[in-house]
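See structure below.
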Amino acid sequence: MMKKIGFVFLLALTSCISNKKLIYLQDQGAQTQPGYQASERVPYRYEEYVLQKFDIVDIEIKTSIPELNALFEVSKASSGSMSMVGGSEGGGDVFFMNGYTIDEEGNVELPLMGKVELHGMTAEAGKEKIERELVKFVNEGNFFVRVRLGGIRFSALGEFNNPGKLTILQSRATIFEAIAAANDLSIMAKRDEIVLVRQYPDGSQIHRINLNDKNLLASDYYFIKPNDILYAEPYKIREFGNTTNFIQTFTLLTTLVTAVALVLTLVNNN
């Protein structure tokens, strides 16, 4: 019986998750640059995002001609309505409702200019391309064009407190902002091995991220990109249920084992 009691306590000890597994941006020893100080500024490694098919972009065009302005506004509204019908589960934010969706051929369709290919371009390059098309209809200097990404849409799966398909209405966001948008990771999540599935123009690639390592700040994965998928794997203790259930189960087993041991002791003494 004492062996059984010892086994239960051993199980509890081996199932505990240390703080070292839970704390973000730790000093990971040899991997850290020599002489690295907490106050040292870590340079970003950020590549400007290249627009891809099915991205939602916000395109604003203003001219000195009121009739053209009205035409662009109507086109923008109708584009948003069609996007909502085609993918209502994708958001509901202002960009999703009123932005332009890049089609499967990599184009957006604009009044007067027709189809304009934006796939593979940065937002700034897309802006310049639209300006080159617009100057055919409006004198240069009599119009304003702005192109920006319609928010960052990503998926959070696994051990998040609020998993799902989420949107951050910013043009740039860090992986920690994405985690915050999903209401942080649960205590069961493997923070040193987050799976990141990233979409590239020529396909998808899986990366594994260590959130506990402060060198993440200087990596290519500190900033998330549209259509990223974050998956947080659980520790093996998850097999026993969530934290509350495990504590309740452990308490019940401990009480039961103690009661049985007490009864056996009384019987043996008699």
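Labels for the structure tokens follow display order: chains A, B, ..., residues from 1 in each chain, ligands from 1.
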
Spatial neighbours of Arg172 of chain A, 10 Å, only C-alpha atoms, chain gap at least 3 places, as a list in words = Tyr46, Glu48, Tyr49, Leu149, Gly151, Ile152, Ile168, Leu169, Glu177, Phe223, Ile224, Lys225 and Pro226 of chain A

Identify, on the basis of only C-alpha atoms, every residue whose closest approach to Asp213 of chain A does not exceed 7 Å; exclude the query and any residue fewer than 5 positions from it along the same chain; express the result as a ChimeraX atom specification.
-> /A:24-28

Excluding Ala178 of chain A and any residue of its chain fewer than 3 positions from it, enumerate the residues within 12 Å of it, using only C-alpha atoms, and give them as a VMD selection string.
-> chain A and resid 152 to 157 160 162 to 170 172 to 175 181 to 185 196 221 to 231

Could you make a table, as CSV, of the residues of segment 139-250 of chain A that have an atom within 12 Å of an atom of segment 66-71 of chain A, each with its nearest atom pair and distance in Å to one decimal, counting only C-alpha atoms, in chain and number order?
residue,atom,partner,partner_atom,distance
A:Asn142,CA,A:Pro66,CA,11.6
A:Phe143,CA,A:Asn69,CA,9.8
A:Phe144,CA,A:Asn69,CA,10.7
A:Val145,CA,A:Asn69,CA,11.6

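Using only C-alpha atoms, the contacts of Ala189 of chain A at a cut-off of 9 Å, with sequence neighbours closer than 5 positions omitted, comprise Leu22, Gly158, Glu159, Phe160, Ile194, Ala232, Glu233, Pro234 and Tyr235 of chain A.
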
Just the selected residues (N, CA, C and O atoms), exported as a PDB file, in the first residue's frame, please.
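The new file again32.pdb reads:
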ATOM      1  N   LEU A  22       7.763  27.976 -18.592  1.00  0.00           N
ATOM      2  CA  LEU A  22       6.644  28.898 -18.772  1.00  0.00           C
ATOM      3  C   LEU A  22       7.073  30.345 -19.018  1.00  0.00           C
ATOM      4  O   LEU A  22       6.282  31.135 -19.534  1.00  0.00           O
ATOM      5  N   GLY A 158      -4.752  24.812 -30.717  1.00  0.00           N
ATOM      6  CA  GLY A 158      -4.150  24.072 -29.614  1.00  0.00           C
ATOM      7  C   GLY A 158      -4.336  24.757 -28.278  1.00  0.00           C
ATOM      8  O   GLY A 158      -5.411  25.272 -27.966  1.00  0.00           O
ATOM      9  N   GLU A 159      -3.260  24.799 -27.490  1.00  0.00           N
ATOM     10  CA  GLU A 159      -3.334  25.233 -26.097  1.00  0.00           C
ATOM     11  C   GLU A 159      -3.314  26.759 -25.934  1.00  0.00           C
ATOM     12  O   GLU A 159      -2.463  27.335 -25.248  1.00  0.00           O
ATOM     13  N   PHE A 160      -4.253  27.426 -26.587  1.00  0.00           N
ATOM     14  CA  PHE A 160      -4.498  28.853 -26.366  1.00  0.00           C
ATOM     15  C   PHE A 160      -5.770  28.987 -25.530  1.00  0.00           C
ATOM     16  O   PHE A 160      -6.664  28.135 -25.600  1.00  0.00           O
ATOM     17  N   ILE A 194       6.619  26.124 -30.108  1.00  0.00           N
ATOM     18  CA  ILE A 194       5.411  26.550 -30.799  1.00  0.00           C
ATOM     19  C   ILE A 194       5.571  26.265 -32.297  1.00  0.00           C
ATOM     20  O   ILE A 194       6.597  26.598 -32.888  1.00  0.00           O
ATOM     21  N   ALA A 232      -0.016  25.447 -30.609  1.00  0.00           N
ATOM     22  CA  ALA A 232       0.648  25.216 -29.326  1.00  0.00           C
ATOM     23  C   ALA A 232       0.371  23.783 -28.874  1.00  0.00           C
ATOM     24  O   ALA A 232      -0.774  23.427 -28.584  1.00  0.00           O
ATOM     25  N   GLU A 233       1.424  22.983 -28.820  1.00  0.00           N
ATOM     26  CA  GLU A 233       1.281  21.597 -28.392  1.00  0.00           C
ATOM     27  C   GLU A 233       1.167  21.519 -26.870  1.00  0.00           C
ATOM     28  O   GLU A 233       1.757  22.340 -26.160  1.00  0.00           O
ATOM     29  N   PRO A 234       0.447  20.526 -26.348  1.00  0.00           N
ATOM     30  CA  PRO A 234       0.324  20.379 -24.891  1.00  0.00           C
ATOM     31  C   PRO A 234       1.427  19.488 -24.325  1.00  0.00           C
ATOM     32  O   PRO A 234       2.015  18.664 -25.026  1.00  0.00           O
ATOM     33  N   TYR A 235       1.719  19.667 -23.032  1.00  0.00           N
ATOM     34  CA  TYR A 235       2.583  18.731 -22.330  1.00  0.00           C
ATOM     35  C   TYR A 235       1.833  17.412 -22.113  1.00  0.00           C
ATOM     36  O   TYR A 235       0.607  17.351 -22.213  1.00  0.00           O
TER      37      TYR A 235
END

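Taking only C-alpha atoms into account, Gly150 of chain A lies nearest to A:Ala123 out of the set A:Ala123, A:Ala261, A:Ile23, A:Ile65.
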
Mind checking DSSP for segment 94-257 of chain A and telling me the alpha helix (DSSP H) residues as an MDAnalysis selection string?
-> chainID A and resid 94:98 123:134 175:181 243:257

Kindly export the residues of the current selection with N, CA and C atoms, as a tab-separated table (two decimals), in the first residue's frame.
chain	number	residue	atom	x	y	z
A	94	VAL	N	-13.49	46.30	-40.45
A	94	VAL	CA	-13.72	47.32	-41.45
A	94	VAL	C	-13.02	47.00	-42.76
A	95	PHE	N	-11.82	46.42	-42.72
A	95	PHE	CA	-11.12	46.08	-43.95
A	95	PHE	C	-11.79	44.92	-44.67
A	96	PHE	N	-12.24	43.95	-43.89
A	96	PHE	CA	-12.90	42.81	-44.51
A	96	PHE	C	-14.19	43.24	-45.20
A	97	MET	N	-14.89	44.20	-44.60
A	97	MET	CA	-16.16	44.65	-45.17
A	97	MET	C	-15.96	45.57	-46.37
A	98	ASN	N	-14.89	46.37	-46.37
A	98	ASN	CA	-14.74	47.40	-47.39
A	98	ASN	C	-13.46	47.30	-48.23
A	123	ALA	N	3.08	46.71	-50.51
A	123	ALA	CA	2.00	47.69	-50.57
A	123	ALA	C	2.46	48.96	-51.29
A	124	GLU	N	3.70	49.37	-51.07
A	124	GLU	CA	4.22	50.58	-51.72
A	124	GLU	C	4.33	50.38	-53.23
A	125	ALA	N	4.80	49.20	-53.64
A	125	ALA	CA	4.91	48.92	-55.07
A	125	ALA	C	3.53	48.86	-55.71
A	126	GLY	N	2.55	48.30	-54.99
A	126	GLY	CA	1.19	48.26	-55.50
A	126	GLY	C	0.61	49.66	-55.66
A	127	LYS	N	0.90	50.52	-54.71
A	127	LYS	CA	0.45	51.92	-54.78
A	127	LYS	C	1.02	52.60	-56.04
A	128	GLU	N	2.30	52.40	-56.29
A	128	GLU	CA	2.93	53.02	-57.46
A	128	GLU	C	2.34	52.49	-58.76
A	129	LYS	N	2.01	51.21	-58.77
A	129	LYS	CA	1.43	50.63	-59.99
A	129	LYS	C	0.04	51.21	-60.26
A	130	ILE	N	-0.77	51.35	-59.22
A	130	ILE	CA	-2.10	51.94	-59.39
A	130	ILE	C	-1.98	53.39	-59.85
A	131	GLU	N	-1.01	54.12	-59.31
A	131	GLU	CA	-0.80	55.51	-59.74
A	131	GLU	C	-0.45	55.59	-61.22
A	132	ARG	N	0.36	54.63	-61.70
A	132	ARG	CA	0.73	54.63	-63.13
A	132	ARG	C	-0.49	54.38	-64.02
A	133	GLU	N	-1.43	53.58	-63.51
A	133	GLU	CA	-2.65	53.32	-64.27
A	133	GLU	C	-3.61	54.50	-64.19
A	134	LEU	N	-3.68	55.12	-63.01
A	134	LEU	CA	-4.63	56.20	-62.79
A	134	LEU	C	-4.26	57.46	-63.57
A	175	ILE	N	4.73	38.22	-32.60
A	175	ILE	CA	4.15	36.93	-32.24
A	175	ILE	C	3.52	37.01	-30.85
A	176	PHE	N	4.03	37.89	-29.99
A	176	PHE	CA	3.44	38.05	-28.66
A	176	PHE	C	2.12	38.80	-28.72
A	177	GLU	N	1.99	39.71	-29.66
A	177	GLU	CA	0.70	40.37	-29.86
A	177	GLU	C	-0.33	39.36	-30.37
A	178	ALA	N	0.12	38.44	-31.20
A	178	ALA	CA	-0.78	37.39	-31.69
A	178	ALA	C	-1.23	36.49	-30.53
A	179	ILE	N	-0.28	36.15	-29.65
A	179	ILE	CA	-0.62	35.33	-28.49
A	179	ILE	C	-1.57	36.07	-27.57
A	180	ALA	N	-1.34	37.37	-27.40
A	180	ALA	CA	-2.24	38.17	-26.56
A	180	ALA	C	-3.63	38.24	-27.17
A	181	ALA	N	-3.71	38.32	-28.50
A	181	ALA	CA	-5.02	38.35	-29.16
A	181	ALA	C	-5.79	37.06	-28.93
A	243	THR	N	-5.70	21.47	-15.72
A	243	THR	CA	-5.08	21.61	-14.40
A	243	THR	C	-6.07	21.39	-13.27
A	244	THR	N	-7.25	21.99	-13.39
A	244	THR	CA	-8.26	21.85	-12.34
A	244	THR	C	-8.69	20.41	-12.17
A	245	ASN	N	-8.95	19.74	-13.29
A	245	ASN	CA	-9.38	18.35	-13.21
A	245	ASN	C	-8.30	17.46	-12.61
A	246	PHE	N	-7.03	17.74	-13.00
A	246	PHE	CA	-5.95	16.91	-12.47
A	246	PHE	C	-5.81	17.09	-10.96
A	247	ILE	N	-5.87	18.33	-10.49
A	247	ILE	CA	-5.75	18.58	-9.05
A	247	ILE	C	-6.89	17.91	-8.29
A	248	GLN	N	-8.10	18.02	-8.86
A	248	GLN	CA	-9.24	17.38	-8.21
A	248	GLN	C	-9.06	15.86	-8.17
A	249	THR	N	-8.60	15.28	-9.29
A	249	THR	CA	-8.40	13.83	-9.35
A	249	THR	C	-7.31	13.41	-8.37
A	250	PHE	N	-6.21	14.18	-8.35
A	250	PHE	CA	-5.11	13.85	-7.45
A	250	PHE	C	-5.55	13.92	-5.99
A	251	THR	N	-6.31	14.97	-5.66
A	251	THR	CA	-6.81	15.12	-4.29
A	251	THR	C	-7.70	13.95	-3.89
A	252	LEU	N	-8.59	13.56	-4.82
A	252	LEU	CA	-9.48	12.43	-4.55
A	252	LEU	C	-8.69	11.14	-4.35
A	253	LEU	N	-7.68	10.89	-5.21
A	253	LEU	CA	-6.88	9.67	-5.09
A	253	LEU	C	-6.09	9.66	-3.78
A	254	THR	N	-5.52	10.82	-3.43
A	254	THR	CA	-4.75	10.91	-2.19
A	254	THR	C	-5.63	10.64	-0.98
A	255	THR	N	-6.82	11.23	-0.97
A	255	THR	CA	-7.76	11.01	0.13
A	255	THR	C	-8.17	9.55	0.22
A	256	LEU	N	-8.43	8.95	-0.95
A	256	LEU	CA	-8.85	7.56	-0.99
A	256	LEU	C	-7.74	6.63	-0.51
A	257	VAL	N	-6.52	6.86	-0.99
A	257	VAL	CA	-5.39	6.02	-0.57
A	257	VAL	C	-5.13	6.16	0.92

Which of segment 28-241 of chain A counts as strand (DSSP E) under DSSP, as an MDAnalysis selection string please?
-> chainID A and resid 56:63 100:101 107:110 114:117 143:149 152:158 164:168 173:174 194:200 203:209 223:224 229:232
